[in-house]
$ cat model39.txt   # compact mmCIF, C-alpha atoms
# COMPACT_ATOMS: atom_id res chain seq x y z
CA VAL A 1 118.52 84.77 126.20
CA GLN A 2 117.38 82.67 129.16
CA PHE A 3 119.10 79.80 130.99
CA GLU A 4 117.50 77.22 133.21
CA VAL A 5 118.29 77.84 136.89
CA GLY A 6 121.14 75.69 138.16
CA GLU A 7 122.71 74.89 134.81
CA GLN A 8 126.45 75.49 134.44
CA SER A 9 125.80 77.21 131.12
CA GLN A 10 124.48 80.16 133.10
CA GLN A 11 128.08 81.09 133.94
CA LEU A 12 129.52 80.53 130.47
CA ARG A 13 128.60 83.96 129.08
CA SER A 14 128.55 87.25 130.88
CA ARG A 15 125.81 89.77 130.26
CA HIS A 16 128.38 91.86 128.40
CA ASP A 17 129.08 88.97 126.02
CA LEU A 18 125.39 88.50 125.31
CA LEU A 19 124.91 92.17 124.52
CA LEU A 20 127.75 91.98 122.01
CA MET A 21 126.17 89.09 120.12
CA ARG A 22 125.03 90.26 116.69
CA ARG A 23 121.41 89.43 116.02
CA THR A 24 119.59 88.73 112.76
CA ALA A 25 116.64 90.72 111.44
CA LEU A 26 114.34 89.40 108.74
CA VAL A 27 112.84 91.98 106.39
CA ALA A 28 109.96 90.52 104.38
CA GLY A 29 109.27 92.64 101.32
CA ALA A 30 112.91 93.77 101.23
CA GLY A 31 112.88 94.27 97.47
CA GLY A 32 110.18 96.91 97.72
CA PHE A 33 110.34 100.64 98.30
CA ILE A 34 110.05 100.86 102.10
CA GLY A 35 111.67 97.46 102.60
CA GLY A 36 114.83 98.48 100.76
CA HIS A 37 115.25 101.60 102.89
CA LEU A 38 114.58 99.59 106.06
CA VAL A 39 117.22 97.03 105.14
CA ARG A 40 119.77 99.80 104.59
CA SER A 41 119.00 101.28 108.03
CA LEU A 42 119.33 97.94 109.85
CA MET A 43 122.64 96.81 108.40
CA ALA A 44 124.86 98.65 110.87
CA ASP A 45 123.37 96.85 113.86
CA PHE A 46 122.06 93.54 112.50
CA ASP A 47 122.80 90.73 110.14
CA VAL A 48 119.94 91.16 107.69
CA ARG A 49 118.01 88.45 105.92
CA ALA A 50 116.24 90.17 103.02
CA VAL A 51 113.36 88.32 101.38
CA ASP A 52 111.12 89.25 98.45
CA ILE A 53 109.13 87.44 95.77
CA LYS A 54 110.57 89.58 92.96
CA PRO A 55 113.68 88.48 91.05
CA ARG A 56 116.78 90.13 92.54
CA GLU A 57 117.30 92.32 89.49
CA GLU A 58 113.91 93.92 90.19
CA TRP A 59 114.66 94.83 93.82
CA TYR A 60 114.81 98.60 94.33
CA GLN A 61 117.84 98.29 96.60
CA ILE A 62 119.98 95.23 97.16
CA PHE A 63 123.11 94.81 99.29
CA ALA A 64 125.45 91.93 98.50
CA GLN A 65 126.59 91.44 102.11
CA ASN A 66 123.10 90.46 103.24
CA ASP A 67 121.38 87.08 103.13
CA ASN A 68 119.21 87.88 100.09
CA ARG A 69 116.53 85.35 99.23
CA VAL A 70 113.88 85.21 96.51
CA MET A 71 110.89 83.48 98.12
CA ASP A 72 107.10 83.51 97.86
CA LEU A 73 105.98 84.16 101.44
CA GLN A 74 102.40 83.22 100.67
CA GLU A 75 103.74 79.66 100.93
CA ASP A 76 103.80 78.23 104.45
CA ASP A 77 107.12 76.37 104.18
CA ASN A 78 108.90 79.44 102.82
CA CYS A 79 107.85 81.50 105.83
CA PHE A 80 109.33 78.97 108.23
CA MET A 81 112.58 78.81 106.25
CA ALA A 82 112.77 82.61 106.15
CA VAL A 83 112.22 83.07 109.90
CA GLU A 84 114.45 80.25 111.18
CA GLY A 85 117.58 81.66 112.80
CA CYS A 86 116.26 85.21 113.05
CA ASP A 87 115.66 87.30 116.17
CA LEU A 88 113.37 90.02 114.78
CA VAL A 89 110.83 90.02 111.97
CA TYR A 90 109.71 93.05 109.97
CA ASN A 91 106.77 92.17 107.74
CA LEU A 92 106.40 94.71 104.93
CA ALA A 93 105.51 92.12 102.29
CA ALA A 94 102.26 92.76 100.43
CA ASP A 95 100.86 92.75 96.92
CA MET A 96 99.85 96.38 96.60
CA GLY A 97 100.29 99.68 94.79
CA GLY A 98 98.62 103.04 94.35
CA MET A 99 94.89 103.70 94.20
CA GLY A 100 94.60 102.52 90.61
CA PHE A 101 96.04 99.13 91.53
CA ILE A 102 94.25 98.42 94.80
CA GLU A 103 90.82 99.39 93.46
CA ASN A 104 91.20 96.98 90.53
CA ASN A 105 92.92 94.06 92.30
CA LYS A 106 90.96 93.51 95.51
CA ALA A 107 91.31 89.72 95.66
CA GLN A 108 95.01 89.90 94.81
CA CYS A 109 95.57 92.38 97.63
CA MET A 110 93.66 90.23 100.12
CA LEU A 111 95.86 87.21 99.41
CA SER A 112 98.61 89.00 101.36
CA VAL A 113 96.81 87.75 104.47
CA LEU A 114 98.61 84.45 103.85
CA ILE A 115 101.98 86.15 104.29
CA ASN A 116 101.21 87.65 107.67
CA THR A 117 99.43 84.54 108.95
CA ASN A 118 102.29 82.21 108.05
CA LEU A 119 105.01 84.60 109.23
CA LEU A 120 103.26 84.93 112.60
CA ARG A 121 103.11 81.15 112.94
CA ALA A 122 106.80 80.88 112.08
CA ALA A 123 107.69 83.72 114.46
CA LEU A 124 105.93 81.91 117.27
CA ALA A 125 107.57 78.58 116.45
CA PHE A 126 111.07 80.08 116.45
CA LYS A 127 110.45 82.33 119.49
CA ILE A 128 111.13 85.61 117.73
CA GLU A 129 111.82 88.53 120.09
CA ARG A 130 109.59 91.05 118.30
CA TYR A 131 107.42 91.12 115.20
CA PHE A 132 106.62 94.29 113.21
CA TYR A 133 103.65 94.49 110.88
CA ALA A 134 103.24 97.28 108.32
CA SER A 135 99.56 98.18 108.23
CA SER A 136 97.92 101.08 106.40
CA ALA A 137 95.61 104.04 106.87
CA CYS A 138 93.34 102.18 104.46
CA VAL A 139 91.97 100.38 107.55
CA TYR A 140 90.04 103.50 108.58
CA ALA A 141 86.26 103.64 108.31
CA ALA A 142 85.14 105.17 105.03
CA ASP A 143 82.37 107.22 106.65
CA LYS A 144 85.01 109.21 108.55
CA GLN A 145 86.77 110.23 105.30
CA THR A 146 83.98 111.78 103.21
CA ASP A 147 85.11 115.42 103.45
CA SER A 148 88.28 116.96 102.01
CA HIS A 149 88.49 119.01 105.23
CA VAL A 150 88.81 115.77 107.14
CA THR A 151 89.34 115.57 110.89
CA ALA A 152 92.65 113.81 111.45
CA LEU A 153 92.07 110.10 112.03
CA LYS A 154 92.66 108.65 115.47
CA GLU A 155 93.50 105.00 115.95
CA ALA A 156 90.03 104.31 117.37
CA ASP A 157 88.46 105.49 114.10
CA ALA A 158 89.16 102.09 112.53
CA TYR A 159 86.05 100.80 114.32
CA PRO A 160 83.20 100.10 113.72
CA ALA A 161 84.98 98.48 110.78
CA MET A 162 84.41 99.91 107.31
CA PRO A 163 87.88 99.80 105.72
CA GLU A 164 88.79 100.20 102.07
CA ASP A 165 87.49 97.17 100.22
CA GLY A 166 90.07 94.47 99.56
CA TYR A 167 93.39 95.97 100.63
CA GLY A 168 92.00 97.72 103.72
CA TRP A 169 90.17 94.61 104.93
CA GLU A 170 93.33 92.53 104.60
CA LYS A 171 95.31 95.05 106.64
CA LEU A 172 92.67 95.27 109.37
CA PHE A 173 92.37 91.48 109.61
CA SER A 174 96.16 91.12 109.80
CA GLU A 175 96.30 93.71 112.59
CA ARG A 176 93.84 91.54 114.53
CA MET A 177 96.00 88.48 113.90
CA CYS A 178 98.96 90.28 115.48
CA ARG A 179 96.84 91.32 118.44
CA HIS A 180 95.58 87.82 119.12
CA PHE A 181 99.01 86.21 118.72
CA THR A 182 100.11 88.60 121.47
CA GLU A 183 97.10 87.91 123.68
CA ASP A 184 96.98 84.14 123.20
CA PHE A 185 100.66 83.22 122.77
CA GLY A 186 102.68 86.12 124.20
CA LEU A 187 104.36 87.02 120.90
CA VAL A 188 105.48 90.67 121.11
CA THR A 189 104.03 92.45 118.08
CA ARG A 190 104.17 96.05 116.90
CA VAL A 191 101.82 97.50 114.26
CA ALA A 192 102.17 100.81 112.40
CA ARG A 193 99.50 102.29 110.15
CA PHE A 194 101.42 103.94 107.31
CA HIS A 195 99.98 107.10 105.73
CA ASN A 196 101.10 107.49 102.09
CA VAL A 197 104.86 106.97 102.13
CA TYR A 198 106.92 108.43 99.26
CA GLY A 199 110.52 109.11 98.30
CA PRO A 200 113.42 107.89 96.13
CA TYR A 201 113.88 104.21 95.21
CA GLY A 202 110.16 103.60 94.81
CA THR A 203 107.69 102.78 92.07
CA TRP A 204 107.16 105.74 89.73
CA TYR A 205 105.54 104.17 86.64
CA GLY A 206 103.67 101.07 85.52
CA GLY A 207 100.38 101.40 87.42
CA ARG A 208 101.46 100.67 91.01
CA GLU A 209 102.93 104.12 91.74
CA LYS A 210 101.32 106.44 94.29
CA ALA A 211 100.29 110.05 93.82
CA PRO A 212 103.58 111.87 94.64
CA ALA A 213 105.64 109.69 92.28
CA ALA A 214 102.96 109.73 89.58
CA ILE A 215 102.74 113.53 89.64
CA CYS A 216 106.52 113.91 89.61
CA ARG A 217 106.67 111.65 86.54
CA LYS A 218 103.83 113.49 84.78
CA VAL A 219 105.43 116.89 85.35
CA LEU A 220 108.78 115.62 84.07
CA GLU A 221 107.11 114.14 80.98
CA SER A 222 105.23 117.38 80.38
CA VAL A 223 108.38 119.48 80.62
CA ALA A 224 110.38 117.09 78.42
CA SER A 225 107.73 117.25 75.68
CA ASP A 226 107.12 121.03 75.99
CA ASP A 227 103.45 120.11 76.37
CA TYR A 228 102.75 121.59 79.83
CA ASN A 229 99.56 119.60 80.33
CA ILE A 230 98.82 117.21 83.17
CA ASP A 231 96.06 114.67 83.79
CA ILE A 232 94.75 114.52 87.36
CA TRP A 233 92.58 111.77 88.78
CA GLY A 234 89.40 113.23 90.27
CA ASP A 235 88.75 116.94 90.73
CA GLY A 236 92.03 117.53 92.55
CA GLU A 237 90.36 118.62 95.77
CA GLN A 238 90.67 115.26 97.53
CA THR A 239 93.15 115.57 100.41
CA ARG A 240 95.92 113.44 101.90
CA SER A 241 99.03 113.66 104.04
CA PHE A 242 102.27 112.27 102.61
CA MET A 243 105.19 110.98 104.70
CA TYR A 244 108.77 111.07 103.44
CA ILE A 245 110.62 107.76 103.55
CA SER A 246 113.24 108.83 106.13
CA ASP A 247 110.46 109.69 108.59
CA CYS A 248 108.85 106.33 107.92
CA ILE A 249 112.05 104.44 108.71
CA GLU A 250 112.67 106.45 111.86
CA GLY A 251 109.10 105.77 112.96
CA ILE A 252 109.43 102.03 112.37
CA HIS A 253 112.49 101.88 114.62
CA ARG A 254 110.84 103.92 117.37
CA ILE A 255 107.67 101.83 117.30
CA MET A 256 109.53 98.52 117.12
CA THR A 257 111.69 99.36 120.17
CA SER A 258 108.90 100.91 122.24
CA ASP A 259 107.87 99.01 125.35
CA THR A 260 104.46 100.71 125.51
CA ILE A 261 103.07 100.75 121.95
CA ASP A 262 101.30 97.41 122.09
CA PHE A 263 98.49 98.58 119.77
CA PRO A 264 98.23 99.74 116.13
CA VAL A 265 99.54 103.31 115.92
CA ASN A 266 99.49 105.95 113.20
CA LEU A 267 102.72 106.66 111.37
CA GLY A 268 102.20 109.60 109.04
CA SER A 269 102.69 113.28 108.42
CA THR A 270 100.05 115.75 109.59
CA GLU A 271 100.71 118.12 106.65
CA LEU A 272 97.35 117.88 104.85
CA VAL A 273 97.28 118.93 101.18
CA SER A 274 94.90 118.57 98.24
CA ILE A 275 96.04 116.83 95.07
CA ASN A 276 95.93 120.22 93.37
CA GLU A 277 98.31 121.57 96.01
CA LEU A 278 100.54 118.54 95.50
CA VAL A 279 100.70 119.41 91.79
CA ASP A 280 101.51 123.03 92.70
CA LEU A 281 104.46 121.90 94.81
CA VAL A 282 105.91 119.67 92.09
CA ALA A 283 105.37 122.27 89.36
CA ALA A 284 107.19 124.81 91.54
CA ILE A 285 110.32 122.64 91.45
CA GLU A 286 110.49 123.27 87.68
CA ASN A 287 108.91 126.74 87.97
CA VAL A 288 106.27 125.86 85.35
CA GLU A 289 102.54 126.44 84.88
CA LEU A 290 100.52 123.41 83.79
CA GLU A 291 97.16 123.06 82.08
CA ARG A 292 95.18 120.64 84.23
CA HIS A 293 92.75 118.05 82.92
CA TYR A 294 90.59 116.26 85.45
CA ASP A 295 89.50 112.66 84.97
CA LEU A 296 86.45 112.24 87.20
CA SER A 297 86.08 108.57 86.22
CA ALA A 298 89.51 107.57 87.54
CA PRO A 299 89.99 105.89 90.96
CA GLN A 300 90.12 108.50 93.71
CA GLY A 301 89.80 106.68 97.03
CA VAL A 302 88.35 108.47 100.04
CA ARG A 303 87.69 112.20 99.93
CA GLY A 304 90.07 113.15 102.71
CA ARG A 305 92.57 111.45 105.03
CA ASN A 306 95.04 112.77 107.60
CA SER A 307 97.01 111.32 110.52
CA ASP A 308 96.39 112.12 114.17
CA ASN A 309 99.77 111.60 115.85
CA THR A 310 98.69 112.13 119.46
CA LEU A 311 99.49 108.58 120.55
CA LEU A 312 102.75 108.42 118.60
CA LEU A 313 103.93 111.64 120.26
CA GLU A 314 102.78 110.50 123.68
CA HIS A 315 104.70 107.22 123.51
CA THR A 316 107.82 108.23 121.55
CA GLY A 317 108.12 112.02 121.89
CA TRP A 318 108.50 112.17 118.10
CA GLU A 319 106.50 112.51 114.90
CA PRO A 320 107.35 112.84 111.17
CA SER A 321 108.78 116.26 110.37
CA VAL A 322 110.17 116.33 106.81
CA SER A 323 108.21 118.95 104.87
CA LEU A 324 106.39 117.88 101.72
CA ALA A 325 108.24 120.51 99.71
CA ASP A 326 111.63 119.15 100.77
CA GLY A 327 110.67 115.51 100.31
CA LEU A 328 109.15 116.11 96.88
CA THR A 329 112.31 117.87 95.70
CA GLU A 330 114.41 114.82 96.61
CA THR A 331 111.87 112.47 95.01
CA TYR A 332 111.57 114.56 91.85
CA GLU A 333 115.32 114.69 91.33
CA TRP A 334 115.63 110.92 91.80
CA ILE A 335 112.82 110.15 89.32
CA GLN A 336 114.39 112.61 86.89
CA SER A 337 117.67 110.72 87.09
CA GLU A 338 115.84 107.42 86.56
CA MET A 339 114.06 108.76 83.47
CA ILE A 340 117.34 110.03 82.05
CA GLY A 341 118.87 106.62 82.68
CA LEU A 342 116.05 104.87 80.83
CA HIS A 343 116.53 107.03 77.75
CA SER A 344 120.32 107.17 77.69
$ encode --input "model39.txt" --output "structure tokens"
Amino acid sequence: VQFEVGEQSQQLRSRHDLLLMRRTALVAGAGGFIGGHLVRSLMADFDVRAVDIKPREEWYQIFAQNDNRVMDLQEDDNCFMAVEGCDLVYNLAADMGGMGFIENNKAQCMLSVLINTNLLRAALAFKIERYFYASSACVYAADKQTDSHVTALKEADAYPAMPEDGYGWEKLFSERMCRHFTEDFGLVTRVARFHNVYGPYGTWYGGREKAPAAICRKVLESVASDDYNIDIWGDGEQTRSFMYISDCIEGIHRIMTSDTIDFPVNLGSTELVSINELVDLVAAIENVELERHYDLSAPQGVRGRNSDNTLLLEHTGWEPSVSLADGLTETYEWIQSEMIGLHS
């Protein structure tokens, strides 16, 4: 908070009083998986305005004490109404899903550029303190991800640009928008490139789910039917790293509050596994052996992708640490409870 020199109002509030003032954080995409967890983590320190396009009954987590709004943030006016009165903006809103969704809905994914563009304009108009944008490892150049034994991706590997078609291009363009709003207008922006976030309170069926949730569901279905077969997209040797949701939330807070991370930075685990190894880990939770059937015609994405956390460690002294085995156990048990609830 700034006062003009010489005005009497400068003496009306002490610095202590200003520090005690409770601020408001906007979470765009609050009804989604990561957004719901982020809202929960912010509530102790902020008044939270939670916004999502989905009807409230479809939000993964909702908290009655918050300012919960159903709004389409692709619309310009809605962005300005959402941002007005807020101090911080966290933009996690996007039309997206797992590989099956983003490979078959490229134009739909790219329309999310309207959300970030209009939220940035509103953030500038209302002099927001800081703006967080959730980007993705899908921005990385495809020719650096052709081998399952991939070299971990550094932030510079996003250029020369060759991102994943549709979704990746939208994320890369929106990163540039944040950069130029900082350069041209002084808006403080922070950008994190998420690497495959998973955990409870996320999508686990319907076509938008990602690999960890999909495999958990398939194993549970196989066990419930005494079938012990599982369909795997691709040959199972494609590799990824997967970050548990608690690490993602911790990383968001560290990046948002950093005074030195003024560039897009990786936020992901460095624990590289193949899809076959991911299946092994989930099957081990139930202590079962599964007959595997490989669908080579299904969407597979890049051959290999992993996160280089050098810059994250350098600037925060921290990196994601929850093991995949531990995170999958929590996720599996939550999906199991959801499936039981659906059939009870």
$ closest_residue --input "model39.txt" --among "A:Ala94, A:Leu26, A:Ile252, A:Val219" --to "A:Asp67" --atoms "all atoms listed in the file"
A:Leu26
$ closest_residue --input "model39.txt" --among "A:Asn196, A:Asn276, A:Thr310, A:Ser225" --to "A:Ile245" --atoms "all atoms listed in the file"
A:Asn196
$ residues_around --input "model39.txt" --residues "A:Gln65" --least-positions-apart "3" --cutoff "9 Å" --atoms "only C-alpha atoms" --output "list of chain:residue names"
A:Asp47, A:Val48, A:Asn68
$ residues_around --input "model39.txt" --residues "stretch 104-121 of chain A" --least-positions-apart "5" --cutoff "6 Å" --atoms "only C-alpha atoms" --output "list in words"
Leu73, Gln74, Asp76, Cys79, Ala94, Asp95, Met96, Gly166, Tyr167 and Glu170 of chain A
$ closest_residue --input "model39.txt" --among "A:Ser258, A:Thr270, A:Ser222, A:Gln300" --to "A:Phe101" --atoms "only C-alpha atoms"
A:Gln300
$ closest_residue --input "model39.txt" --among "A:Tyr198, A:Trp334, A:Phe263, A:Trp318" --to "A:His180" --atoms "only C-alpha atoms"
A:Phe263
$ atom_distance --input "model39.txt" --atom1 "atom CA of A:Gly234" --atom2 "atom CA of A:Ile335"
23.6 Å
$ atom_distance --input "model39.txt" --atom1 "atom CA of A:Ala156" --atom2 "atom CA of A:Trp233"
29.7 Å
$ atom_distance --input "model39.txt" --atom1 "atom CA of A:Asp295" --atom2 "atom CA of A:Ile215"
14.1 Å
$ build_atoms --input "model39.txt" --residues "stretch 201-222 of chain A" --atoms "N, CA and C atoms" --output "compact mmCIF listing (two decimals), keeping the file's coordinate frame"
# COMPACT_ATOMS: atom_id res chain seq x y z
N TYR A 201 113.80 105.67 95.24
CA TYR A 201 113.88 104.21 95.21
C TYR A 201 112.51 103.57 95.40
N GLY A 202 111.51 104.16 94.76
CA GLY A 202 110.16 103.60 94.81
C GLY A 202 109.58 103.47 93.41
N THR A 203 108.38 102.94 93.35
CA THR A 203 107.69 102.78 92.07
C THR A 203 107.25 104.15 91.55
N TRP A 204 107.54 104.44 90.29
CA TRP A 204 107.16 105.74 89.73
C TRP A 204 106.47 105.62 88.37
N TYR A 205 106.28 104.39 87.89
CA TYR A 205 105.54 104.17 86.64
C TYR A 205 105.02 102.75 86.64
N GLY A 206 104.13 102.45 85.71
CA GLY A 206 103.67 101.07 85.52
C GLY A 206 102.33 100.74 86.13
N GLY A 207 101.71 101.65 86.89
CA GLY A 207 100.38 101.40 87.42
C GLY A 207 100.32 101.18 88.92
N ARG A 208 101.45 100.88 89.56
CA ARG A 208 101.46 100.67 91.01
C ARG A 208 101.95 101.90 91.78
N GLU A 209 102.37 102.94 91.07
CA GLU A 209 102.93 104.12 91.74
C GLU A 209 101.84 104.90 92.46
N LYS A 210 102.24 105.61 93.52
CA LYS A 210 101.32 106.44 94.29
C LYS A 210 101.39 107.88 93.81
N ALA A 211 100.50 108.71 94.35
CA ALA A 211 100.29 110.05 93.82
C ALA A 211 101.57 110.90 93.72
N PRO A 212 102.40 111.00 94.77
CA PRO A 212 103.58 111.87 94.64
C PRO A 212 104.49 111.46 93.48
N ALA A 213 104.77 110.16 93.36
CA ALA A 213 105.64 109.69 92.28
C ALA A 213 104.97 109.87 90.92
N ALA A 214 103.67 109.59 90.85
CA ALA A 214 102.96 109.73 89.58
C ALA A 214 102.97 111.18 89.10
N ILE A 215 102.76 112.12 90.02
CA ILE A 215 102.74 113.53 89.64
C ILE A 215 104.14 114.01 89.27
N CYS A 216 105.15 113.56 89.99
CA CYS A 216 106.52 113.91 89.61
C CYS A 216 106.80 113.43 88.18
N ARG A 217 106.44 112.19 87.88
CA ARG A 217 106.67 111.65 86.54
C ARG A 217 105.91 112.45 85.48
N LYS A 218 104.65 112.76 85.76
CA LYS A 218 103.83 113.49 84.78
C LYS A 218 104.38 114.88 84.52
N VAL A 219 104.85 115.56 85.55
CA VAL A 219 105.43 116.89 85.35
C VAL A 219 106.71 116.78 84.53
N LEU A 220 107.55 115.81 84.83
CA LEU A 220 108.78 115.62 84.07
C LEU A 220 108.48 115.31 82.61
N GLU A 221 107.48 114.46 82.37
CA GLU A 221 107.11 114.14 80.98
C GLU A 221 106.58 115.37 80.27
N SER A 222 105.79 116.17 80.98
CA SER A 222 105.23 117.38 80.38
C SER A 222 106.31 118.38 80.00
